$ cat run.cif   # mmCIF, C-alpha atoms
data_query
loop_
_atom_site.label_atom_id
_atom_site.label_comp_id
_atom_site.auth_asym_id
_atom_site.auth_seq_id
_atom_site.Cartn_x
_atom_site.Cartn_y
_atom_site.Cartn_z
CA MET Q 7 30.53 -20.25 7.08
CA SER Q 8 33.55 -22.52 6.87
CA PRO Q 9 36.35 -21.39 9.18
CA ASN Q 10 39.20 -21.44 6.65
CA GLY Q 11 39.19 -19.46 3.43
CA ALA Q 12 36.31 -18.02 1.45
CA PRO Q 13 33.35 -20.38 1.30
CA ALA Q 14 32.04 -21.41 -2.09
CA GLY Q 15 28.74 -20.14 -3.47
CA ARG Q 16 26.68 -23.20 -2.53
CA GLN Q 17 28.08 -23.22 0.97
CA ILE Q 18 27.22 -19.51 1.45
CA ILE Q 19 23.63 -20.24 0.43
CA ILE Q 20 23.19 -23.19 2.80
CA ASP Q 21 24.88 -21.25 5.60
CA GLY Q 22 22.56 -18.28 5.22
CA LEU Q 23 19.45 -20.38 5.01
CA TRP Q 24 20.21 -22.98 7.64
CA HIS Q 25 23.60 -23.56 9.34
CA ASN Q 26 24.12 -19.91 10.10
CA ASN Q 27 20.50 -18.74 9.93
CA PRO Q 28 20.37 -15.15 11.21
CA VAL Q 29 17.35 -15.67 13.45
CA PHE Q 30 17.76 -19.02 15.18
CA ARG Q 31 21.55 -19.41 14.89
CA GLN Q 32 23.01 -15.91 15.07
CA VAL Q 33 19.96 -14.65 17.04
CA LEU Q 34 20.00 -11.37 15.15
CA GLY Q 35 17.08 -9.23 14.04
CA ILE Q 36 14.82 -10.51 16.79
CA CYS Q 37 13.18 -7.13 17.37
CA SER Q 38 11.65 -7.04 13.91
CA THR Q 39 10.87 -10.76 14.12
CA LEU Q 40 8.68 -9.98 17.10
CA ALA Q 41 7.24 -6.76 15.74
CA VAL Q 42 5.98 -7.41 12.24
CA THR Q 43 4.91 -11.05 12.29
CA ASN Q 44 1.28 -10.58 13.30
CA LEU Q 45 0.12 -10.27 9.69
CA VAL Q 46 1.53 -12.28 6.80
CA LEU Q 47 1.36 -9.39 4.32
CA ASN Q 48 3.30 -7.00 6.56
CA THR Q 49 5.85 -9.77 7.09
CA LEU Q 50 6.24 -10.39 3.37
CA VAL Q 51 6.89 -6.74 2.61
CA MET Q 52 9.26 -6.40 5.54
CA CYS Q 53 11.19 -9.49 4.41
CA ALA Q 54 11.39 -8.26 0.83
CA ALA Q 55 12.60 -4.86 2.03
CA LEU Q 56 15.17 -6.36 4.37
CA THR Q 57 16.50 -8.86 1.83
CA LEU Q 58 16.86 -6.11 -0.75
CA VAL Q 59 18.59 -3.74 1.66
CA LEU Q 60 20.83 -6.51 2.97
CA ALA Q 61 21.98 -7.75 -0.45
CA ALA Q 62 22.54 -4.22 -1.76
CA SER Q 63 24.37 -3.09 1.37
CA CYS Q 64 26.66 -6.12 1.37
CA LEU Q 65 27.46 -5.55 -2.30
CA THR Q 66 28.24 -1.87 -1.74
CA VAL Q 67 30.28 -2.46 1.41
CA SER Q 68 32.28 -5.07 -0.45
CA LEU Q 69 32.85 -2.81 -3.45
CA LEU Q 70 34.14 -0.01 -1.21
CA ARG Q 71 36.13 -2.24 1.14
CA ARG Q 72 39.54 -1.48 -0.38
CA PHE Q 73 39.03 2.27 -0.19
CA THR Q 74 37.41 2.45 3.23
CA PRO Q 75 39.79 3.17 6.11
CA ARG Q 76 39.32 0.55 8.82
CA ASN Q 77 38.75 3.02 11.63
CA ILE Q 78 35.70 4.61 9.97
CA ARG Q 79 34.32 1.48 8.31
CA MET Q 80 31.28 1.23 10.59
CA MET Q 81 30.27 4.81 9.89
CA VAL Q 82 30.46 4.09 6.19
CA GLN Q 83 28.46 0.87 6.62
CA THR Q 84 25.73 2.68 8.55
CA LEU Q 85 25.61 5.34 5.86
CA ILE Q 86 25.25 2.73 3.11
CA ILE Q 87 22.54 0.84 5.01
CA ALA Q 88 20.64 4.05 5.77
CA PHE Q 89 20.90 5.01 2.10
CA TYR Q 90 19.17 1.84 0.93
CA VAL Q 91 16.57 1.96 3.70
CA ILE Q 92 15.61 5.52 2.77
CA ILE Q 93 15.27 4.44 -0.85
CA VAL Q 94 12.90 1.63 0.16
CA ASP Q 95 10.98 3.91 2.52
CA THR Q 96 10.59 6.72 -0.04
CA SER Q 97 9.53 4.26 -2.73
CA LEU Q 98 6.87 2.76 -0.44
CA LYS Q 99 5.60 6.23 0.49
CA GLY Q 100 5.33 7.17 -3.15
CA TYR Q 101 4.06 4.00 -4.74
CA TRP Q 102 2.46 1.93 -1.95
CA PRO Q 103 1.24 4.38 0.73
CA GLU Q 104 -1.09 1.84 2.42
CA MET Q 105 1.84 -0.46 3.11
CA SER Q 106 3.97 2.47 4.20
CA THR Q 107 1.34 3.33 6.83
CA ALA Q 108 0.91 -0.29 7.88
CA LEU Q 109 4.63 -0.79 8.43
CA GLY Q 110 4.94 2.63 10.03
CA PRO Q 111 8.28 3.06 11.74
CA TYR Q 112 9.47 -0.49 11.06
CA VAL Q 113 10.91 0.27 7.62
CA GLY Q 114 13.07 3.01 9.05
CA LEU Q 115 14.14 0.63 11.78
CA ILE Q 116 15.69 -1.73 9.21
CA ILE Q 117 18.72 0.56 9.61
CA THR Q 118 19.16 -0.76 13.12
CA ASN Q 119 18.49 -4.39 12.16
CA CYS Q 120 21.52 -6.17 13.50
CA ILE Q 121 21.56 -8.72 10.66
CA ILE Q 122 22.69 -6.10 8.17
CA MET Q 123 25.50 -4.64 10.23
CA GLY Q 124 26.40 -8.19 11.27
CA ARG Q 125 26.75 -9.48 7.71
CA CYS Q 126 28.56 -6.34 6.54
CA GLU Q 127 31.09 -6.70 9.34
CA ALA Q 128 31.44 -10.48 9.32
CA PHE Q 129 31.42 -11.17 5.62
CA ALA Q 130 31.04 -8.32 3.14
CA GLY Q 131 33.92 -6.26 4.56
CA THR Q 132 36.43 -8.99 3.68
CA SER Q 133 34.89 -10.71 0.65
CA GLU Q 134 34.52 -10.22 -3.07
CA PRO Q 135 31.39 -8.33 -4.19
CA ILE Q 136 29.45 -11.22 -5.73
CA PRO Q 137 29.85 -13.68 -2.82
CA ALA Q 138 29.04 -10.79 -0.45
CA MET Q 139 25.81 -10.09 -2.29
CA ILE Q 140 24.88 -13.78 -2.35
CA ASP Q 141 25.60 -14.00 1.37
CA GLY Q 142 23.42 -10.96 2.07
CA PHE Q 143 20.61 -12.20 -0.12
CA PHE Q 144 20.47 -15.67 1.40
CA ASN Q 145 20.81 -14.42 4.95
CA GLY Q 146 17.83 -12.23 4.13
CA LEU Q 147 16.02 -15.24 2.76
CA GLY Q 148 16.88 -17.29 5.84
CA TYR Q 149 15.41 -14.51 7.96
CA SER Q 150 12.34 -14.35 5.72
CA VAL Q 151 11.62 -18.09 5.87
CA LEU Q 152 11.60 -18.08 9.65
CA LEU Q 153 9.56 -14.89 9.84
CA LEU Q 154 6.93 -16.35 7.54
CA ALA Q 155 6.90 -19.57 9.57
CA ILE Q 156 6.10 -17.43 12.61
CA ALA Q 157 3.65 -15.12 10.85
CA LEU Q 158 1.51 -17.85 9.26
CA PRO Q 159 0.33 -19.52 12.49
CA ARG Q 160 0.05 -16.15 14.23
CA GLU Q 161 -2.35 -14.71 11.69
CA LEU Q 162 -4.19 -18.02 11.24
CA LEU Q 163 -4.75 -18.69 14.94
CA GLY Q 164 -5.21 -15.05 15.92
CA MET Q 165 -7.32 -13.67 13.08
CA GLY Q 166 -8.57 -16.81 11.30
CA SER Q 167 -7.12 -15.61 8.01
CA ILE Q 168 -3.99 -15.78 5.87
CA LEU Q 169 -2.97 -12.69 3.89
CA GLY Q 170 -6.31 -11.27 5.00
CA ILE Q 171 -8.26 -14.06 3.27
CA PRO Q 172 -10.57 -15.87 5.72
CA MET Q 173 -9.62 -19.52 6.03
CA PRO Q 174 -12.21 -22.31 6.22
CA TYR Q 175 -12.93 -23.43 9.79
CA PHE Q 176 -10.52 -20.89 11.32
CA SER Q 177 -12.70 -17.93 10.34
CA THR Q 178 -15.95 -19.59 11.44
CA GLY Q 179 -15.73 -22.43 13.97
CA TRP Q 180 -12.44 -21.39 15.56
CA ASP Q 181 -12.37 -19.39 18.77
CA ARG Q 182 -9.69 -16.84 17.82
CA TRP Q 183 -6.62 -16.70 20.00
CA ILE Q 184 -6.27 -12.92 20.11
CA ILE Q 185 -3.07 -13.29 22.12
CA MET Q 186 -1.37 -14.71 19.01
CA VAL Q 187 -1.52 -11.38 17.18
CA MET Q 188 -0.48 -9.48 20.30
CA PRO Q 189 3.17 -9.22 21.39
CA PRO Q 190 3.17 -12.35 23.63
CA GLY Q 191 2.17 -14.49 20.64
CA ALA Q 192 5.39 -13.51 18.91
CA PHE Q 193 7.47 -14.67 21.87
CA PHE Q 194 5.66 -18.01 22.02
CA MET Q 195 6.05 -18.72 18.30
CA LEU Q 196 9.67 -17.57 18.17
CA ALA Q 197 10.55 -19.83 21.08
CA VAL Q 198 8.78 -22.79 19.48
CA PHE Q 199 10.53 -22.33 16.14
CA VAL Q 200 13.98 -21.73 17.59
CA TRP Q 201 13.48 -24.89 19.63
CA ILE Q 202 12.38 -26.94 16.62
CA CYS Q 203 15.15 -25.66 14.35
CA ARG Q 204 17.87 -26.08 16.92
CA SER Q 205 16.72 -29.62 17.70
CA ILE Q 206 17.14 -30.64 14.06
CA LYS Q 207 20.62 -29.16 13.71
CA PRO Q 208 22.78 -31.47 15.90
CA ARG Q 209 21.70 -34.57 13.99
CA GLN Q 210 22.84 -32.97 10.76
CA GLU Q 211 26.21 -32.13 12.18
CA THR Q 212 26.83 -35.74 13.23
CA ALA Q 213 25.70 -36.93 9.81
CA GLN Q 214 28.35 -34.75 8.17
CA MET M 10 47.14 6.24 1.86
CA THR M 11 43.97 4.88 3.50
CA GLN M 12 45.77 5.13 6.84
CA LYS M 13 46.21 8.91 6.64
CA ARG M 14 43.98 10.92 8.91
CA TRP M 15 42.98 13.46 6.25
CA TYR M 16 42.03 10.61 3.93
CA ALA M 17 39.38 9.30 6.36
CA VAL M 18 37.81 12.75 6.64
CA VAL M 19 37.84 13.43 2.90
CA TYR M 20 36.59 9.92 2.16
CA MET M 21 33.67 10.23 4.59
CA PHE M 22 32.71 13.60 3.10
CA GLY M 23 32.88 12.19 -0.40
CA VAL M 24 30.84 9.09 0.36
CA THR M 25 28.23 11.08 2.27
CA ALA M 26 27.91 13.65 -0.50
CA PHE M 27 27.50 10.91 -3.09
CA PHE M 28 24.79 8.95 -1.28
CA SER M 29 22.98 12.08 -0.08
CA SER M 30 22.70 13.52 -3.56
CA MET M 31 21.23 10.25 -4.84
CA ILE M 32 18.60 10.35 -2.09
CA ILE M 33 17.80 13.99 -2.75
CA GLY M 34 17.31 13.10 -6.39
CA LEU M 35 14.91 10.29 -5.54
CA ALA M 36 13.00 12.50 -3.10
CA ARG M 37 12.56 15.10 -5.86
CA VAL M 38 11.21 12.48 -8.25
CA THR M 39 8.71 11.05 -5.78
CA ALA M 40 7.75 14.29 -4.00
CA GLU M 41 4.71 14.88 -6.18
CA ARG M 42 3.41 11.35 -5.69
CA VAL M 43 3.97 11.45 -1.95
CA HIS M 44 2.08 14.74 -1.80
CA ALA M 45 -0.78 13.33 -3.87
CA ASN M 46 -0.99 10.31 -1.56
CA GLU M 47 -1.19 12.56 1.49
CA GLN M 48 -3.94 14.62 -0.13
CA LEU M 49 -5.85 11.45 -0.95
CA ALA M 50 -5.52 10.23 2.64
CA LEU M 51 -7.09 13.52 3.78
CA GLU M 52 -9.89 13.24 1.22
CA ARG M 53 -10.59 9.66 2.27
CA ALA M 54 -10.69 10.71 5.93
CA VAL M 55 -13.20 13.49 5.14
CA LEU M 56 -15.50 11.07 3.35
CA THR M 57 -15.07 8.37 5.98
CA ALA M 58 -16.00 10.79 8.77
CA LEU M 59 -19.19 11.59 6.88
CA GLY M 60 -19.88 7.92 6.22
CA GLN M 61 -19.41 8.22 2.45
CA ALA M 62 -16.17 6.37 1.79
CA GLN M 63 -17.34 2.77 1.95
CA GLY M 64 -16.61 0.75 -1.17
CA LYS M 65 -15.28 3.75 -3.09
CA THR M 66 -12.08 3.62 -5.11
CA ASN M 67 -9.45 6.34 -4.78
CA ALA M 68 -10.59 7.93 -8.04
CA GLU M 69 -14.24 8.02 -6.92
CA ILE M 70 -13.26 9.56 -3.61
CA HIS M 71 -11.21 12.23 -5.28
CA ARG M 72 -14.00 13.07 -7.74
CA MET M 73 -16.63 13.35 -5.00
CA PHE M 74 -14.32 15.47 -2.87
CA VAL M 75 -13.57 17.89 -5.67
CA GLU M 76 -17.21 18.17 -6.76
CA GLU M 77 -19.04 18.38 -3.44
CA PHE M 78 -16.68 19.81 -0.83
CA GLU M 79 -15.77 23.42 -0.20
CA PRO M 80 -13.00 24.52 2.12
CA MET M 81 -13.97 26.37 5.28
CA PRO M 82 -12.10 28.50 7.78
CA GLY M 83 -10.10 26.30 10.13
CA ASP M 84 -7.33 23.90 9.19
CA ASN M 85 -8.53 21.20 6.82
CA SER M 86 -12.21 21.86 7.48
CA PHE M 87 -14.74 21.44 4.71
CA LYS M 88 -18.40 22.07 3.94
CA TRP M 89 -20.28 19.28 2.14
CA VAL M 90 -22.63 20.95 -0.34
CA LYS M 91 -25.12 19.02 -2.45
CA ASP M 92 -27.42 20.85 -4.89
CA GLY M 93 -26.79 24.15 -3.14
CA THR M 94 -27.61 22.98 0.38
CA VAL M 95 -25.17 22.12 3.11
CA VAL M 96 -25.57 18.45 4.00
CA GLY M 97 -22.63 18.13 6.38
CA TYR M 98 -19.40 19.50 7.78
CA ALA M 99 -15.97 17.97 8.05
CA VAL M 100 -14.01 19.56 10.87
CA GLY M 101 -10.26 19.15 10.85
CA ILE M 102 -8.73 18.14 14.16
CA ALA M 103 -5.01 18.06 14.74
CA GLY M 104 -2.57 18.18 17.59
CA LYS M 105 0.08 16.34 19.49
CA GLY M 106 -0.46 12.65 20.21
CA PHE M 107 1.58 10.58 22.60
CA TRP M 108 4.44 9.93 20.15
CA ALA M 109 3.73 12.04 17.12
CA PRO M 110 1.11 14.40 15.71
CA ILE M 111 -2.41 13.08 15.26
CA ALA M 112 -4.58 14.55 12.53
CA GLY M 113 -8.10 13.60 11.62
CA ILE M 114 -11.56 14.70 10.64
CA ILE M 115 -14.82 14.79 12.58
CA GLY M 116 -17.97 14.71 10.49
CA LEU M 117 -21.01 16.74 11.60
CA LYS M 118 -24.58 16.89 10.37
CA PRO M 119 -25.89 20.28 9.13
CA ASP M 120 -27.28 20.93 12.64
CA ARG M 121 -23.62 21.31 13.72
CA ARG M 122 -24.33 19.14 16.76
CA THR M 123 -24.70 15.54 15.66
CA VAL M 124 -21.50 13.66 14.89
CA THR M 125 -21.52 11.41 11.83
CA GLY M 126 -18.13 9.86 12.43
CA ILE M 127 -14.41 10.34 12.91
CA ALA M 128 -11.41 9.35 10.82
CA PHE M 129 -7.67 9.82 11.06
CA TYR M 130 -5.23 10.46 8.27
CA GLU M 131 -2.07 10.88 10.27
CA GLN M 132 -0.92 9.21 13.48
CA ASN M 133 2.00 7.22 14.75
CA GLU M 134 0.80 5.88 18.07
CA THR M 135 1.87 2.50 19.49
CA PRO M 136 0.55 -0.30 17.28
CA GLY M 137 -2.01 -2.37 19.16
CA LEU M 138 -2.58 0.30 21.83
CA GLY M 139 -2.75 3.98 20.88
CA ALA M 140 -3.03 3.15 17.19
CA GLU M 141 -6.34 1.42 17.96
CA ILE M 142 -7.96 4.85 17.64
CA THR M 143 -7.96 4.24 13.89
CA LYS M 144 -9.86 0.94 14.23
CA PRO M 145 -13.60 0.79 13.55
CA ALA M 146 -14.30 -0.52 17.08
CA PHE M 147 -13.16 2.79 18.56
CA ARG M 148 -14.30 5.08 15.76
CA ARG M 149 -17.84 3.65 15.59
CA GLN M 150 -18.49 5.01 19.08
CA PHE M 151 -18.48 8.56 17.67
CA GLU M 152 -21.34 7.98 15.26
CA GLY M 153 -24.46 9.72 16.53
CA LEU M 154 -22.84 11.59 19.42
CA GLU M 155 -24.30 14.97 20.30
CA LEU M 156 -21.79 17.71 21.04
CA ALA M 157 -22.25 19.23 24.48
CA PRO M 158 -22.32 23.02 24.79
CA GLY M 159 -19.43 24.53 26.73
CA PRO M 160 -15.72 23.84 26.84
CA GLN M 161 -15.94 20.08 26.36
CA PRO M 162 -17.97 19.18 23.26
CA ILE M 163 -16.77 15.56 23.40
CA SER M 164 -15.41 13.57 26.31
CA ILE M 165 -13.44 10.35 26.34
CA ARG M 166 -14.18 8.42 29.54
CA PRO M 167 -12.37 5.44 31.06
CA TYR M 168 -13.58 2.03 30.00
CA GLY M 169 -16.69 1.00 31.92
CA ALA M 170 -17.71 4.55 32.92
CA GLN M 171 -21.28 5.76 32.46
CA LEU M 172 -21.52 7.59 29.14
CA ASP M 173 -23.45 10.77 28.32
CA LYS M 174 -24.61 11.59 24.81
CA ASN M 175 -21.29 13.27 24.05
CA ALA M 176 -18.96 10.62 25.44
CA VAL M 177 -17.07 7.57 24.23
CA HIS M 178 -15.01 4.95 26.00
CA ALA M 179 -11.22 5.27 25.98
CA ILE M 180 -8.91 2.43 24.95
CA SER M 181 -7.49 0.49 27.87
CA GLY M 182 -3.72 0.72 27.91
CA ALA M 183 -3.67 3.84 25.75
CA THR M 184 -4.47 6.42 28.40
CA GLN M 185 -1.96 9.00 27.16
CA THR M 186 -3.15 8.80 23.55
CA CYS M 187 -6.80 9.09 24.60
CA MET M 188 -6.18 12.04 26.91
CA ARG M 189 -4.35 13.93 24.24
CA LEU M 190 -6.94 12.99 21.66
CA GLU M 191 -9.69 14.40 23.86
CA VAL M 192 -7.78 17.66 24.25
CA LEU M 193 -7.04 18.10 20.57
CA ILE M 194 -10.58 17.20 19.48
CA ASN M 195 -12.15 19.64 21.90
CA GLU M 196 -9.76 22.49 21.17
CA ASP M 197 -10.34 22.32 17.44
CA LEU M 198 -14.08 21.66 17.69
CA ARG M 199 -14.55 24.62 20.01
CA GLN M 200 -12.58 26.86 17.73
CA TRP M 201 -14.57 25.71 14.74
CA LEU M 202 -17.94 26.08 16.50
CA GLU M 203 -17.08 29.63 17.56
CA GLY M 204 -15.43 30.56 14.30
CA PRO M 205 -17.74 30.53 11.30
CA ALA M 206 -20.94 31.00 13.34
CA GLU M 207 -22.19 33.98 11.33
CA GLU M 208 -21.60 32.09 8.12
CA ALA M 209 -23.89 29.28 9.21
CA GLY M 210 -26.88 31.58 9.07
CA LYS M 211 -26.41 32.27 5.38
#

$ encode --input "run.cif" --output "structure tokens"
Amino acid sequence: MSPNGAPAGRQIIIDGLWHNNPVFRQVLGICSTLAVTNLVLNTLVMCAALTLVLAASCLTVSLLRRFTPRNIRMMVQTLIIAFYVIIVDTSLKGYWPEMSTALGPYVGLIITNCIIMGRCEAFAGTSEPIPAMIDGFFNGLGYSVLLLAIALPRELLGMGSILGIPMPYFSTGWDRWIIMVMPPGAFFMLAVFVWICRSIKPRQETAQ
Amino acid sequence: MTQKRWYAVVYMFGVTAFFSSMIIGLARVTAERVHANEQLALERAVLTALGQAQGKTNAEIHRMFVEEFEPMPGDNSFKWVKDGTVVGYAVGIAGKGFWAPIAGIIGLKPDRRTVTGIAFYEQNETPGLGAEITKPAFRRQFEGLELAPGPQPISIRPYGAQLDKNAVHAISGATQTCMRLEVLINEDLRQWLEGPAEEAGK
């Protein structure tokens, strides 16, 4: 985000996806990054749920910002976030029970995902509704891109499949690295990707 | 006005009431579906425990369950009747797991001794550790077990221990889950074995 004034739409998008990426720049939402990335499908649904909740929460927080007293704003934000999370959770339970079981407690834990509270506080609480929603959506997308980048190699190396579909060579000739789908695998991959992404960034800054 | 103390209280009440009523509305709309999904999970567990669920769609499972299963005394226990003869039993097992309740089904042959399988339809144990009880690797161990007479029909032994005909290996790293699972399986099995004994003779 640019330091002075409200950033323009394009800038918000690039910030959310890259310059201010929630995972490797703001280092937010790491808990879910580690927890759900062992299977690509779980990751996809988690990302979709988070992006939806994030965009909707930012929009709502922004719409209510003029009426919300400052001293209770965080209570209101938590309420709004919880509201959208429960909607996603109930919908999954009703219409996609298998995924609801697979994600288990993680959907409910979106409420505590620091990205949402972070964006509501840092951006939505002081911005117009549409930019706030764009910011939420693209921060969610920035989170999703990195999560998928972590989930793809984890499932491929650990299970020999992608989205549950066996991959050539990896499902037959490959000696599966079980550790990749276990918690340590998440730490390894997260570290590698944060390292890669942060190494690219400085060059861009000098270019600007 | 937004600085007034009463405003903050009234505002919070208003916002909470608004969002809560929307959620209550949604819960009402989906309640029936959620209930149907839970029922289907139970039906699938019953058929899985008896080795009948493989390759069946939800509709096929529901049809078979409705046509061939009769409820029995005991929570979520069923008799599998085909052409007038009992071809199996599905015994409901439920109790406290490590984090949350565990509920499942143990399938028995008509001799009421040989286990055909086990399946779970509710659990919230640690993914990768306790939750491994739902994985085929753990569940397959139950197929073909013979219940022991006495207080401990089934025992779950530490990994590597010598196994009797009624025992399976526990999951390493999920000691608490396995201990509680052993307790809840045995409590409910015992109760079931003692319960409808006179009915079995019919």

$ residues_around --input "run.cif" --residues "range 78-84 of chain Q" --least-positions-apart "3" --cutoff "9 Å" --atoms "only C-alpha atoms" --output "PDB file with C-alpha atoms, in the coordinates of the input"
ATOM      1  CA  SER Q  63      24.370  -3.090   1.370  1.00  0.00           C
ATOM      2  CA  CYS Q  64      26.660  -6.120   1.370  1.00  0.00           C
ATOM      3  CA  THR Q  66      28.240  -1.870  -1.740  1.00  0.00           C
ATOM      4  CA  VAL Q  67      30.280  -2.460   1.410  1.00  0.00           C
ATOM      5  CA  ARG Q  71      36.130  -2.240   1.140  1.00  0.00           C
ATOM      6  CA  THR Q  74      37.410   2.450   3.230  1.00  0.00           C
ATOM      7  CA  PRO Q  75      39.790   3.170   6.110  1.00  0.00           C
ATOM      8  CA  ILE Q  87      22.540   0.840   5.010  1.00  0.00           C
ATOM      9  CA  ALA Q  88      20.640   4.050   5.770  1.00  0.00           C
ATOM     10  CA  PHE Q  89      20.900   5.010   2.100  1.00  0.00           C
ATOM     11  CA  ILE Q 117      18.720   0.560   9.610  1.00  0.00           C
ATOM     12  CA  THR Q 118      19.160  -0.760  13.120  1.00  0.00           C
ATOM     13  CA  MET Q 123      25.500  -4.640  10.230  1.00  0.00           C
ATOM     14  CA  CYS Q 126      28.560  -6.340   6.540  1.00  0.00           C
ATOM     15  CA  GLU Q 127      31.090  -6.700   9.340  1.00  0.00           C
ATOM     16  CA  GLY Q 131      33.920  -6.260   4.560  1.00  0.00           C
TER      17      GLY Q 131
ATOM     18  CA  ALA M  17      39.380   9.300   6.360  1.00  0.00           C
ATOM     19  CA  MET M  21      33.670  10.230   4.590  1.00  0.00           C
ATOM     20  CA  VAL M  24      30.840   9.090   0.360  1.00  0.00           C
ATOM     21  CA  THR M  25      28.230  11.080   2.270  1.00  0.00           C
TER      22      THR M  25
END

$ interface_residues --input "run.cif" --of "chain Q" --to "chain M" --cutoff "8 Å" --atoms "all atoms listed in the file" --output "list in words"
Phe73, Thr74, Pro75, Ile78, Val82, Leu85, Ile86, Phe89, Ile92, Ile93, Thr96, Ser97, Lys99, Gly100, Tyr101, Pro103, Gly110 and Met188 of chain Q

$ resolve_selection --input "run.cif" --expression "the PyMOL selection byres ((chain M and resi 198) around 12)" --output "count of residues only"
41

$ atom_distance --input "run.cif" --atom1 "CA of Ala170 in chain M" --atom2 "CA of Ala140 in chain M"
21.6 Å

$ residues_around --input "run.cif" --residues "range 155-165 of chain Q" --least-positions-apart "5" --cutoff "8 Å" --atoms "all atoms listed in the file" --output "PDB file with C-alpha atoms, keeping the file's coordinate frame"
ATOM      1  CA  THR Q  43       4.910 -11.050  12.290  1.00  0.00           C
ATOM      2  CA  ASN Q  44       1.280 -10.580  13.300  1.00  0.00           C
ATOM      3  CA  LEU Q  45       0.120 -10.270   9.690  1.00  0.00           C
ATOM      4  CA  VAL Q  46       1.530 -12.280   6.800  1.00  0.00           C
ATOM      5  CA  THR Q  49       5.850  -9.770   7.090  1.00  0.00           C
ATOM      6  CA  MET Q 173      -9.620 -19.520   6.030  1.00  0.00           C
ATOM      7  CA  PHE Q 176     -10.520 -20.890  11.320  1.00  0.00           C
ATOM      8  CA  SER Q 177     -12.700 -17.930  10.340  1.00  0.00           C
ATOM      9  CA  ARG Q 182      -9.690 -16.840  17.820  1.00  0.00           C
ATOM     10  CA  TRP Q 183      -6.620 -16.700  20.000  1.00  0.00           C
ATOM     11  CA  ILE Q 184      -6.270 -12.920  20.110  1.00  0.00           C
ATOM     12  CA  ILE Q 185      -3.070 -13.290  22.120  1.00  0.00           C
ATOM     13  CA  MET Q 186      -1.370 -14.710  19.010  1.00  0.00           C
ATOM     14  CA  VAL Q 187      -1.520 -11.380  17.180  1.00  0.00           C
ATOM     15  CA  GLY Q 191       2.170 -14.490  20.640  1.00  0.00           C
ATOM     16  CA  ALA Q 192       5.390 -13.510  18.910  1.00  0.00           C
ATOM     17  CA  MET Q 195       6.050 -18.720  18.300  1.00  0.00           C
ATOM     18  CA  LEU Q 196       9.670 -17.570  18.170  1.00  0.00           C
ATOM     19  CA  PHE Q 199      10.530 -22.330  16.140  1.00  0.00           C
TER      20      PHE Q 199
END

$ residues_around --input "run.cif" --residues "Ile180 in chain M" --least-positions-apart "2" --cutoff "8 Å" --atoms "all atoms listed in the file" --output "ChimeraX atom specification"
/M:138-139,141-142,147,167-168,178,182-184,187

$ closest_residue --input "run.cif" --among "Q:Ile116, Q:Pro135, Q:Asn48, Q:Phe129" --to "Ile168 in chain Q" --atoms "all atoms listed in the file"
Q:Asn48

$ resolve_selection --input "run.cif" --expression "the PyMOL selection byres ((chain Q and resi 61) around 6)" --output "CSV table (one decimal) with C-alpha atoms, in the frame of the given file"
chain,number,residue,atom,x,y,z
Q,58,LEU,CA,16.9,-6.1,-0.8
Q,59,VAL,CA,18.6,-3.7,1.7
Q,60,LEU,CA,20.8,-6.5,3.0
Q,62,ALA,CA,22.5,-4.2,-1.8
Q,63,SER,CA,24.4,-3.1,1.4
Q,64,CYS,CA,26.7,-6.1,1.4
Q,139,MET,CA,25.8,-10.1,-2.3
Q,142,GLY,CA,23.4,-11.0,2.1
Q,143,PHE,CA,20.6,-12.2,-0.1

$ closest_residue --input "run.cif" --among "Q:Ile171, Q:Ser133, Q:Asn119, Q:Asn145" --to "Leu70 in chain Q" --atoms "all atoms listed in the file"
Q:Ser133

$ closest_residue --input "run.cif" --among "Q:Phe30, Q:Tyr149, Q:Phe194, Q:Trp102" --to "Ile121 in chain Q" --atoms "all atoms listed in the file"
Q:Tyr149

$ resolve_selection --input "run.cif" --expression "the PyMOL selection byres ((chain Q and resi 27) around 10)" --output "list of chain:residue names"
Q:Ile20, Q:Asp21, Q:Gly22, Q:Leu23, Q:Trp24, Q:His25, Q:Asn26, Q:Pro28, Q:Val29, Q:Phe30, Q:Arg31, Q:Gln32, Q:Val33, Q:Leu34, Q:Phe144, Q:Asn145, Q:Gly146, Q:Leu147, Q:Gly148, Q:Tyr149, Q:Val151, Q:Leu152, Q:Cys203
